[in-house]
Each structure stands twice: as C-alpha cells, then as structure tokens.
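**Student:** Structure file start27.txt, compact mmCIF, C-alpha atoms, is pasted below:
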# COMPACT_ATOMS: atom_id res chain seq x y z
CA MET A 18 427.43 -34.34 177.06
CA THR A 19 426.71 -32.09 174.05
CA ASP A 20 423.55 -30.02 173.63
CA ASP A 21 422.38 -32.42 170.97
CA GLU A 22 422.88 -35.42 173.22
CA GLY A 23 420.88 -33.73 175.95
CA LEU A 24 418.09 -32.96 173.51
CA MET A 25 418.04 -36.53 172.24
CA LEU A 26 417.87 -37.99 175.74
CA ALA A 27 414.96 -35.66 176.48
CA ILE A 28 413.24 -36.64 173.22
CA GLN A 29 413.72 -40.30 174.09
CA ALA A 30 411.93 -39.56 177.37
CA GLY A 31 409.03 -38.02 175.46
CA ASP A 32 409.84 -34.32 175.94
CA ALA A 33 407.94 -32.38 173.28
CA LYS A 34 409.82 -29.13 173.98
CA ALA A 35 413.16 -30.83 173.34
CA TYR A 36 411.74 -32.22 170.10
CA GLU A 37 410.75 -28.73 169.01
CA ALA A 38 414.19 -27.38 169.90
CA ALA A 39 415.88 -30.14 167.89
CA ILE A 40 413.69 -29.35 164.89
CA ARG A 41 414.58 -25.66 165.05
CA LYS A 42 418.26 -26.50 165.34
CA HIS A 43 418.52 -28.98 162.45
CA LEU A 44 415.75 -27.86 160.08
CA LYS A 45 417.86 -25.64 157.85
CA SER A 46 420.63 -28.15 157.41
CA ILE A 47 418.26 -31.04 156.70
CA SER A 48 416.02 -29.12 154.31
CA HIS A 49 419.03 -27.76 152.40
CA PHE A 50 420.50 -31.22 152.10
CA ALA A 51 417.19 -32.61 150.84
CA PHE A 52 416.81 -29.73 148.37
CA ARG A 53 420.29 -30.23 146.97
CA MET A 54 419.51 -33.90 146.53
CA LEU A 55 416.03 -33.52 145.04
CA GLY A 56 416.00 -30.07 143.46
CA ASN A 57 412.42 -29.07 144.24
CA SER A 58 410.74 -27.68 147.31
CA LYS A 59 407.66 -29.91 147.38
CA ASP A 60 409.62 -33.14 147.69
CA THR A 61 412.11 -31.38 149.95
CA GLU A 62 409.29 -30.55 152.34
CA ASP A 63 407.95 -34.12 152.29
CA ILE A 64 411.38 -35.56 153.02
CA THR A 65 412.06 -32.95 155.72
CA GLN A 66 408.72 -33.67 157.40
CA GLU A 67 409.38 -37.40 157.29
CA THR A 68 412.89 -36.97 158.70
CA PHE A 69 411.60 -35.05 161.70
CA LEU A 70 408.72 -37.45 162.14
CA ARG A 71 411.31 -40.22 162.47
CA LEU A 72 413.29 -38.12 164.91
CA TRP A 73 410.31 -38.51 167.25
CA THR A 74 409.22 -42.05 166.42
CA HIS A 75 412.70 -43.57 166.08
CA ALA A 76 414.51 -41.54 168.75
CA ASP A 77 415.21 -44.70 170.71
CA SER A 78 417.35 -46.06 167.90
CA TRP A 79 419.87 -43.19 168.14
CA GLN A 80 423.05 -44.17 169.98
CA SER A 81 425.48 -41.47 171.05
CA ASP A 82 428.55 -43.67 170.60
CA LYS A 83 427.73 -44.45 166.97
CA ALA A 84 426.86 -41.09 165.40
CA SER A 85 426.22 -37.47 166.25
CA VAL A 86 422.59 -36.34 166.05
CA SER A 87 423.32 -34.37 162.90
CA THR A 88 424.98 -37.35 161.22
CA TRP A 89 422.09 -39.60 162.26
CA LEU A 90 419.48 -37.16 160.91
CA HIS A 91 421.39 -36.74 157.64
CA ARG A 92 421.55 -40.49 157.31
CA ILE A 93 417.77 -40.70 157.67
CA THR A 94 417.33 -37.92 155.10
CA HIS A 95 419.82 -39.57 152.77
CA ASN A 96 417.98 -42.90 152.90
CA LEU A 97 414.64 -41.19 152.29
CA CYS A 98 416.07 -39.23 149.35
CA ILE A 99 417.59 -42.37 147.83
CA ASP A 100 414.26 -44.19 148.14
CA TYR A 101 412.53 -41.25 146.52
CA LEU A 102 415.05 -40.92 143.69
CA ARG A 103 414.92 -44.63 142.92
CA LYS A 104 411.13 -44.57 142.84
CA ASP A 105 410.59 -41.38 140.88
CA LYS A 106 413.70 -40.28 139.08
CA SER A 107 411.79 -38.25 136.52
CA SER A 108 410.79 -35.50 138.92
CA ILE A 109 414.27 -34.40 140.02
CA SER A 110 414.85 -30.68 139.85
CA SER A 111 413.16 -28.31 137.35
CA GLU A 112 411.68 -26.18 140.14
CA TYR A 113 415.18 -25.20 141.18
CA GLU A 114 415.51 -23.25 137.99
CA ASP A 115 412.17 -21.49 138.41
CA GLU A 116 412.88 -20.49 141.99
CA HIS A 117 416.38 -19.42 141.18
CA GLU A 118 415.15 -17.20 138.39
CA GLY A 119 412.39 -15.82 140.52
CA SER A 120 414.56 -15.07 143.53
CA ASP A 121 415.48 -11.60 144.73
CA ARG A 122 419.22 -12.14 144.42
CA PRO A 123 421.09 -9.54 142.43
CA ALA A 124 421.57 -10.73 138.88
CA ASP A 125 424.91 -12.38 138.19
CA ALA A 126 427.00 -11.45 135.20
CA PRO A 127 425.83 -13.38 132.10
CA GLU A 128 429.02 -15.42 132.02
CA LYS A 129 428.67 -16.43 135.63
CA THR A 130 424.99 -17.21 135.17
CA GLN A 131 425.95 -19.48 132.32
CA GLN A 132 428.60 -21.16 134.46
CA LEU A 133 426.16 -21.61 137.32
CA GLU A 134 423.62 -23.14 135.03
CA ALA A 135 426.26 -25.48 133.61
CA LEU A 136 427.32 -26.43 137.12
CA ARG A 137 423.73 -27.04 138.21
CA GLN A 138 423.21 -29.34 135.26
CA ALA A 139 426.53 -31.06 135.91
CA LEU A 140 425.57 -31.63 139.54
CA GLU A 141 422.18 -33.02 138.58
CA GLY A 142 423.82 -35.24 135.99
CA LEU A 143 426.22 -36.79 138.48
CA PRO A 144 425.50 -40.34 139.55
CA GLU A 145 423.49 -40.36 142.77
CA ARG A 146 426.39 -41.40 145.03
CA GLN A 147 428.74 -38.78 143.61
CA ARG A 148 426.16 -36.03 144.08
CA THR A 149 425.47 -37.17 147.64
CA ALA A 150 429.18 -37.19 148.44
CA ILE A 151 429.71 -33.67 147.07
CA VAL A 152 426.64 -32.27 148.83
CA LEU A 153 427.54 -33.78 152.20
CA SER A 154 431.22 -32.91 151.94
CA HIS A 155 431.08 -29.47 150.34
CA TYR A 156 427.73 -28.02 151.42
CA GLN A 157 427.00 -29.78 154.68
CA GLY A 158 430.64 -29.62 155.80
CA PHE A 159 430.94 -33.17 157.10
CA SER A 160 434.30 -34.88 157.41
CA ASN A 161 434.99 -37.80 155.10
CA ARG A 162 434.48 -40.22 157.97
CA GLU A 163 431.04 -38.74 158.70
CA VAL A 164 430.05 -38.73 155.03
CA ALA A 165 431.10 -42.38 154.76
CA LEU A 166 428.96 -43.15 157.82
CA ILE A 167 425.94 -41.36 156.37
CA MET A 168 426.33 -43.13 153.02
CA ASP A 169 427.13 -46.44 154.70
CA ILE A 170 430.34 -46.99 152.74
CA SER A 171 434.03 -47.16 153.64
CA VAL A 172 436.15 -44.00 153.78
CA ASP A 173 438.30 -45.34 150.92
CA ALA A 174 435.23 -45.86 148.76
CA LEU A 175 434.00 -42.39 149.61
CA GLU A 176 437.33 -40.78 148.70
CA SER A 177 437.27 -42.52 145.35
CA ILE A 178 433.70 -41.28 144.75
CA LEU A 179 434.61 -37.71 145.79
CA ALA A 180 437.64 -37.63 143.49
CA ARG A 181 435.56 -38.84 140.54
CA ALA A 182 432.81 -36.34 141.30
CA ARG A 183 435.19 -33.36 141.49
CA ARG A 184 437.04 -34.42 138.33
CA SER A 185 433.74 -34.79 136.51
CA LEU A 186 432.41 -31.38 137.61
CA LYS A 187 435.68 -29.67 136.68
CA ALA A 188 435.73 -31.34 133.28
CA GLN A 189 432.13 -30.34 132.54
CA LEU A 190 432.77 -26.73 133.52
CA LYS A 191 435.70 -26.61 131.12
CA GLN A 192 433.54 -27.62 128.18
CA MET B 11 456.37 -36.55 153.96
CA ASN B 12 457.37 -35.96 150.34
CA MET B 13 454.66 -34.48 148.17
CA THR B 14 454.40 -35.57 144.54
CA PRO B 15 452.25 -34.05 141.77
CA GLU B 16 450.09 -37.20 141.78
CA ARG B 17 449.52 -37.08 145.54
CA PHE B 18 448.77 -33.36 145.42
CA ALA B 19 446.20 -33.96 142.66
CA GLN B 20 444.64 -36.71 144.78
CA LEU B 21 444.45 -34.40 147.78
CA VAL B 22 442.57 -31.65 145.97
CA GLU B 23 440.29 -34.12 144.23
CA ILE B 24 439.38 -35.84 147.47
CA HIS B 25 439.42 -32.95 149.94
CA GLY B 26 439.04 -29.88 147.75
CA SER B 27 441.30 -26.84 147.42
CA ARG B 28 441.05 -25.55 151.01
CA PRO B 29 444.14 -26.56 153.00
CA GLU B 30 442.11 -26.76 156.25
CA ARG B 31 440.28 -29.76 154.72
CA TRP B 32 443.49 -31.59 153.90
CA PRO B 33 444.81 -34.27 156.28
CA ALA B 34 446.84 -32.61 159.03
CA ASP B 35 449.91 -34.78 158.46
CA GLU B 36 450.15 -33.76 154.79
CA ARG B 37 448.97 -30.17 154.99
CA MET B 38 452.30 -28.41 155.35
CA ALA B 39 453.98 -30.41 152.63
CA ALA B 40 451.04 -29.93 150.28
CA GLU B 41 450.90 -26.17 150.87
CA ALA B 42 454.65 -25.85 150.28
CA PHE B 43 454.33 -27.92 147.13
CA ARG B 44 451.49 -25.75 145.87
CA HIS B 45 453.52 -22.56 146.34
CA ALA B 46 456.59 -24.02 144.66
CA ASN B 47 454.92 -25.75 141.72
CA HIS B 48 453.06 -23.89 138.96
CA GLN B 49 451.03 -26.89 137.88
CA ALA B 50 449.95 -27.57 141.43
CA GLN B 51 449.03 -23.90 141.79
CA ALA B 52 446.96 -24.03 138.61
CA LEU B 53 445.22 -27.24 139.69
CA GLY B 54 444.47 -25.78 143.12
CA ASP B 55 443.05 -22.64 141.49
CA GLU B 56 440.82 -24.67 139.18
CA TYR B 57 439.30 -26.52 142.12
CA ALA B 58 439.01 -23.28 144.10
CA ARG B 59 437.01 -21.80 141.21
CA LEU B 60 434.78 -24.88 141.14
CA GLU B 61 434.17 -24.52 144.87
CA SER B 62 433.34 -20.82 144.62
CA LEU B 63 430.79 -21.65 141.90
CA LEU B 64 429.34 -24.41 144.07
CA ASP B 65 429.01 -21.88 146.88
CA ALA B 66 427.14 -19.55 144.54
CA LEU B 67 424.42 -22.12 143.81
CA PRO B 68 421.64 -21.04 146.17
CA VAL B 69 418.93 -22.97 147.92
CA PRO B 70 415.69 -20.99 147.62
CA ALA B 71 414.00 -19.89 150.81
CA MET B 72 411.15 -22.25 151.64
CA GLN B 73 408.54 -19.95 153.12
CA GLY B 74 406.73 -21.27 156.16
CA LEU B 75 408.56 -24.61 156.19
CA GLU B 76 409.56 -24.26 159.82
CA GLN B 77 405.99 -23.46 160.90
CA ARG B 78 404.61 -26.42 158.97
CA VAL B 79 407.17 -28.83 160.39
CA LEU B 80 406.58 -27.53 163.91
CA ARG B 81 402.80 -27.74 163.46
CA ARG B 82 403.06 -31.37 162.43
CA ALA B 83 405.43 -32.03 165.30
CA ALA B 84 402.93 -30.50 167.73
CA SER B 85 400.15 -32.72 166.41
CA LEU B 86 402.45 -35.69 166.84
CA THR B 87 403.33 -34.94 170.44
CA ARG B 88 399.97 -33.58 171.57
CA ASP B 89 398.26 -35.94 173.99
CA SER B 90 394.82 -37.36 173.30
CA LEU B 91 391.84 -36.29 175.42
CA LEU B 92 392.16 -39.46 177.48
CA ASP B 93 395.87 -38.82 178.05
CA ARG B 94 395.15 -35.27 179.18
CA ALA B 95 392.43 -36.51 181.55
CA LEU B 96 394.83 -39.07 182.92
CA ASP B 97 397.52 -36.44 183.25
CA TRP B 98 395.14 -34.49 185.40
CA LEU B 99 394.28 -37.52 187.51
CA VAL B 100 397.76 -38.99 187.67
CA PRO B 101 400.48 -36.45 186.93
CA HIS B 102 403.48 -37.68 184.98
CA SER B 103 406.22 -39.24 187.00
CA ASP B 104 408.14 -41.31 184.53
CA ARG B 105 407.21 -43.37 181.55
CA LEU B 106 407.55 -46.80 183.13
CA LEU B 107 405.40 -45.89 186.09
CA ALA B 108 402.81 -44.37 183.78
CA TRP B 109 402.72 -47.53 181.69
CA ILE B 110 401.88 -49.59 184.75
CA TRP B 111 399.55 -47.29 186.65
CA ARG B 112 397.55 -45.76 183.85
CA PRO B 113 395.99 -48.99 182.52
CA ALA B 114 395.33 -50.03 186.12
CA LEU B 115 393.56 -46.77 186.78
CA VAL B 116 391.57 -47.04 183.56
CA ALA B 117 390.50 -50.55 184.54
CA CYS B 118 389.39 -49.33 187.99
CA LEU B 119 387.41 -46.32 186.76
CA PRO B 120 384.22 -48.24 185.75
CA LEU B 121 384.25 -50.04 189.12
CA ILE B 122 384.58 -46.75 191.01
CA CYS B 123 381.84 -45.17 188.89
CA GLY B 124 379.59 -48.22 189.40
CA ILE B 125 379.98 -48.17 193.16
CA TYR B 126 379.37 -44.43 193.25
CA MET B 127 376.26 -44.63 191.05
CA ALA B 128 374.83 -47.59 192.92
CA ASN B 129 375.24 -45.69 196.14
CA PHE B 130 373.73 -42.52 194.73
CA PHE B 131 370.74 -43.80 192.76
CA SER B 132 368.07 -46.19 193.93
CA PHE B 133 367.17 -47.43 190.39
CA GLY B 134 363.50 -47.84 191.43
CA ILE B 135 364.21 -49.98 194.46
CA THR B 136 362.30 -48.57 197.37
CA GLY B 137 362.22 -49.53 200.95
CA GLN B 138 364.27 -49.11 203.96
CA GLU B 139 367.71 -47.81 203.20
CA LEU B 140 370.44 -49.99 204.42
CA ALA B 141 373.89 -49.05 205.33
CA TRP B 142 376.69 -50.35 203.10
CA GLU B 143 377.97 -52.71 205.71
CA GLU B 144 374.52 -54.16 206.21
CA GLU B 145 374.00 -54.66 202.47
CA LEU B 146 377.29 -56.44 202.09
CA SER B 147 376.57 -58.56 205.14
CA LEU B 148 373.13 -59.55 203.82
CA LEU B 149 374.53 -60.45 200.42
CA ALA B 150 377.10 -62.66 202.05
CA LEU B 151 374.46 -64.34 204.23
CA ASN B 152 372.21 -64.83 201.23
CA ASP B 153 374.96 -66.75 199.42
CA TYR B 154 375.45 -69.01 202.41
CA ALA B 155 371.71 -69.46 202.77
CA GLU B 156 371.47 -70.69 199.15
CA ILE B 157 374.18 -73.27 199.75
CA ALA B 158 372.52 -74.40 202.97
CA GLU B 159 369.18 -74.97 201.22
Show me the file's structure as structure tokens.

**Tutor:**
Amino acid sequence: MTDDEGLMLAIQAGDAKAYEAAIRKHLKSISHFAFRMLGNSKDTEDITQETFLRLWTHADSWQSDKASVSTWLHRITHNLCIDYLRKDKSSISSEYEDEHEGSDRPADAPEKTQQLEALRQALEGLPERQRTAIVLSHYQGFSNREVALIMDISVDALESILARARRSLKAQLKQ
Amino acid sequence: MNMTPERFAQLVEIHGSRPERWPADERMAAEAFRHANHQAQALGDEYARLESLLDALPVPAMQGLEQRVLRRAASLTRDSLLDRALDWLVPHSDRLLAWIWRPALVACLPLICGIYMANFFSFGITGQELAWEEELSLLALNDYAEIAE
C-alpha cells in the first residue's frame, strides 16, 4: 500500500489529520495545475479549495484500483476548471501577466521575454483540450495513460491532441 | 524496429524531445536515428527549445494559500458542540458503532434527565416522601384500581 492509499483510507474513516497531510502533499501540484489552466490566482484558489473540499466529502468515491490519488485529484480539478472555463471564458488569465511582471525573478533577456510572452499567449490561445493535455503531460509529468484517464478520453485521442498542441505551439513561436 | 522520419516526428510531437518520455520499445532506435539524421536532430532541438521555454513560464507564488486551504479544511472536519459532548460521553470506536449508539444515547438523555430531576425536585408536592419502589408500586396499583372501578 502506498502512502497516498494509506492517507485515503484514513480520510475515508474520517481522520482529519490524514486529510491535512493529504492537502499538504498535493496542494502545490493541484494549485499549479489550476493556475496553468485558469491563469489567475483568485480562480485558482477557488478551484483549489473546492478540490480539497471534495477530497473530504467525496473520499468514499476514490477507488485504489482505478486511479492514484494524484490522478483522481487532478481529475476533480480538471472537471472544475472545465466547468469554470465554459461558464466564464472571458476571465481567463490577465493576472498572470501582472504577477509575472511583479515577481522577484531576475529579468530575462528582452528576446527571451518576448518569446515567453509569445508562448504564454500561444498556450492561452490553444483549444481547452490541447492546453489541458500539454499542462498535464509537460508540467504535471503524468504519463499519457494517466492524462487520458484525467481527461476521460482514449490514449489514441490524447496522443493526437498532444501532437496537434505541440505542433501549434512550435509554429506560433516561429512566427 | 525501423525508425522513419515520419515516426520520429510523431514521437517528438506526442512525447516531447526527452528520450526518457519515449516508449521503451522505440527509444533506442529513435535515439540512434536522431544522432544519424540531421533533420531529426533539428526537429528534436526545436521541440527541446519549446520545452525549455515552457519550463521558464513560472507560476507565481500564492501567498498564504496553504494556510487558507488548511483553515477551511479544519472548519470542515471540526466537530460540532454536540459531537464534542458526545465524544466525551461516548469515545469514538468506529463509525458504524457511533452511528448506532449516538442517536440512541441522544434519545435516552431526556429520559435520564427527567428521572433525575423528578427525583431531585419536589415541584411543590409536599408530604411524606416515598421510596422509588413504593411510588412505582402505587402507580401500578392505581392503574389496576381504575380498571376495577
């Protein structure tokens, strides 16, 4: 039994300490995923809070033989993000830029800054499924099988989406 | 397995430029093809550059997010006053047992309180104090007496 499985069994039995430990363990990954999907910290926080709320209230629906805890949590986050994006597409991003500019990171060379900005826009401009596939595969480090599970599509469909997304990003960076 | 330019392009488009992400059964052939073929090398480099730019896109630090999530989690898992009182009276064993015994205990509490209060206070009734057994016995006799009349 993995650590995550142990935590989930404890959460299913109503163990608040295990719930807290699971939050600490998965918070960064879930909030980063939500941010890369939504592009602003306010909505990211709402989605993150809701994901962890469901970890407690829907713990009984997790089954160890179907998905890892991380995959299951990302699937919840993904569904929440999709609902959000379909309801309120106008509010995607914008804050990303502000926070990026205001961050303490050392300034990149102007050319690289330009490229990063172009890439950010290209990512935001990708169709929702292509962006999800890139974020889960590249940033979250899931295997194609896991990404397909999170997105509830076949591995073949996912691979087609990933190929289109990478081709599209590469083409837009060339422009 | 023979690697072709088309299959190599598919591999990097689907899995990216890092060989460790490529399918194990095609990895060696694909790496050899990349080293031997200039176009494959160039394509791999283009996707590697894309990936390094993706890596450079930061997620801003969200100050206090962990505390806020944990605070909400604590409010979610914190027991109500009644639960805490019941915890004190009947310590947790397991959930199923608690589900059965706690409502039963709650249902019994007014009865216990009523018996205790009736025993403790006279509620204005004066006279000779009777023992519990006597009171119960008289009540029972009274019922029979009513039927007999």

**Student:** Quick one: pull the distance between atom CA of B:Glu61 and atom CA of B:His48, Å, one decimal.

**Tutor:**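 One can read the atom CA of B:Glu61 to atom CA of B:His48 distance as 19.8 Å.
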
**Student:** Between atom CA of A:Gln189 and atom CA of B:Ala42, what distance in Å does the model show, to one decimal?

**Tutor:**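 Answer for the atom CA of A:Gln189 to atom CA of B:Ala42 separation: 29.0 Å.
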
**Student:** Would you compute the distance between atom CA of A:Asp77 and atom CA of A:Ile170? Give it in Å to one decimal.

**Tutor:**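 If I compute the distance from atom CA of A:Asp77 to atom CA of A:Ile170, I get 23.6 Å.
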
**Student:** Residues of chain A within 9 Å of chain B, counting all atoms listed in the file, what are they? List them as a ChimeraX atom specification.

**Tutor:** /A:30-33,36-37,40-41,44-45,48-49,52-53,56,58,62,65-66,69-70,73,113,116-117,120,129,132-134,136-137,154-156,160-161,175-184,186-187,190

**Student:** Considering all atoms listed in the file, state which residue in the set A:Phe159, A:Ile64, A:Ala51, A:Trp79 is at the smallest distance from A:Asp21.

**Tutor:** A:Trp79

**Student:** Between A:Asp100, A:Ser185, A:Ala150, A:Gln157, which is the closest to A:Val172 once you count all atoms listed in the file?

**Tutor:**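 Ranking A:Asp100, A:Ser185, A:Ala150, A:Gln157 by distance to A:Val172, first place goes to A:Ala150.
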
**Student:** So, counting only C-alpha atoms, which residue among A:Ala135, A:Met54, A:Ala188, A:Ala35 is closest to A:Leu102?

**Tutor:**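 Under the stated criterion, the closest residue is A:Met54.
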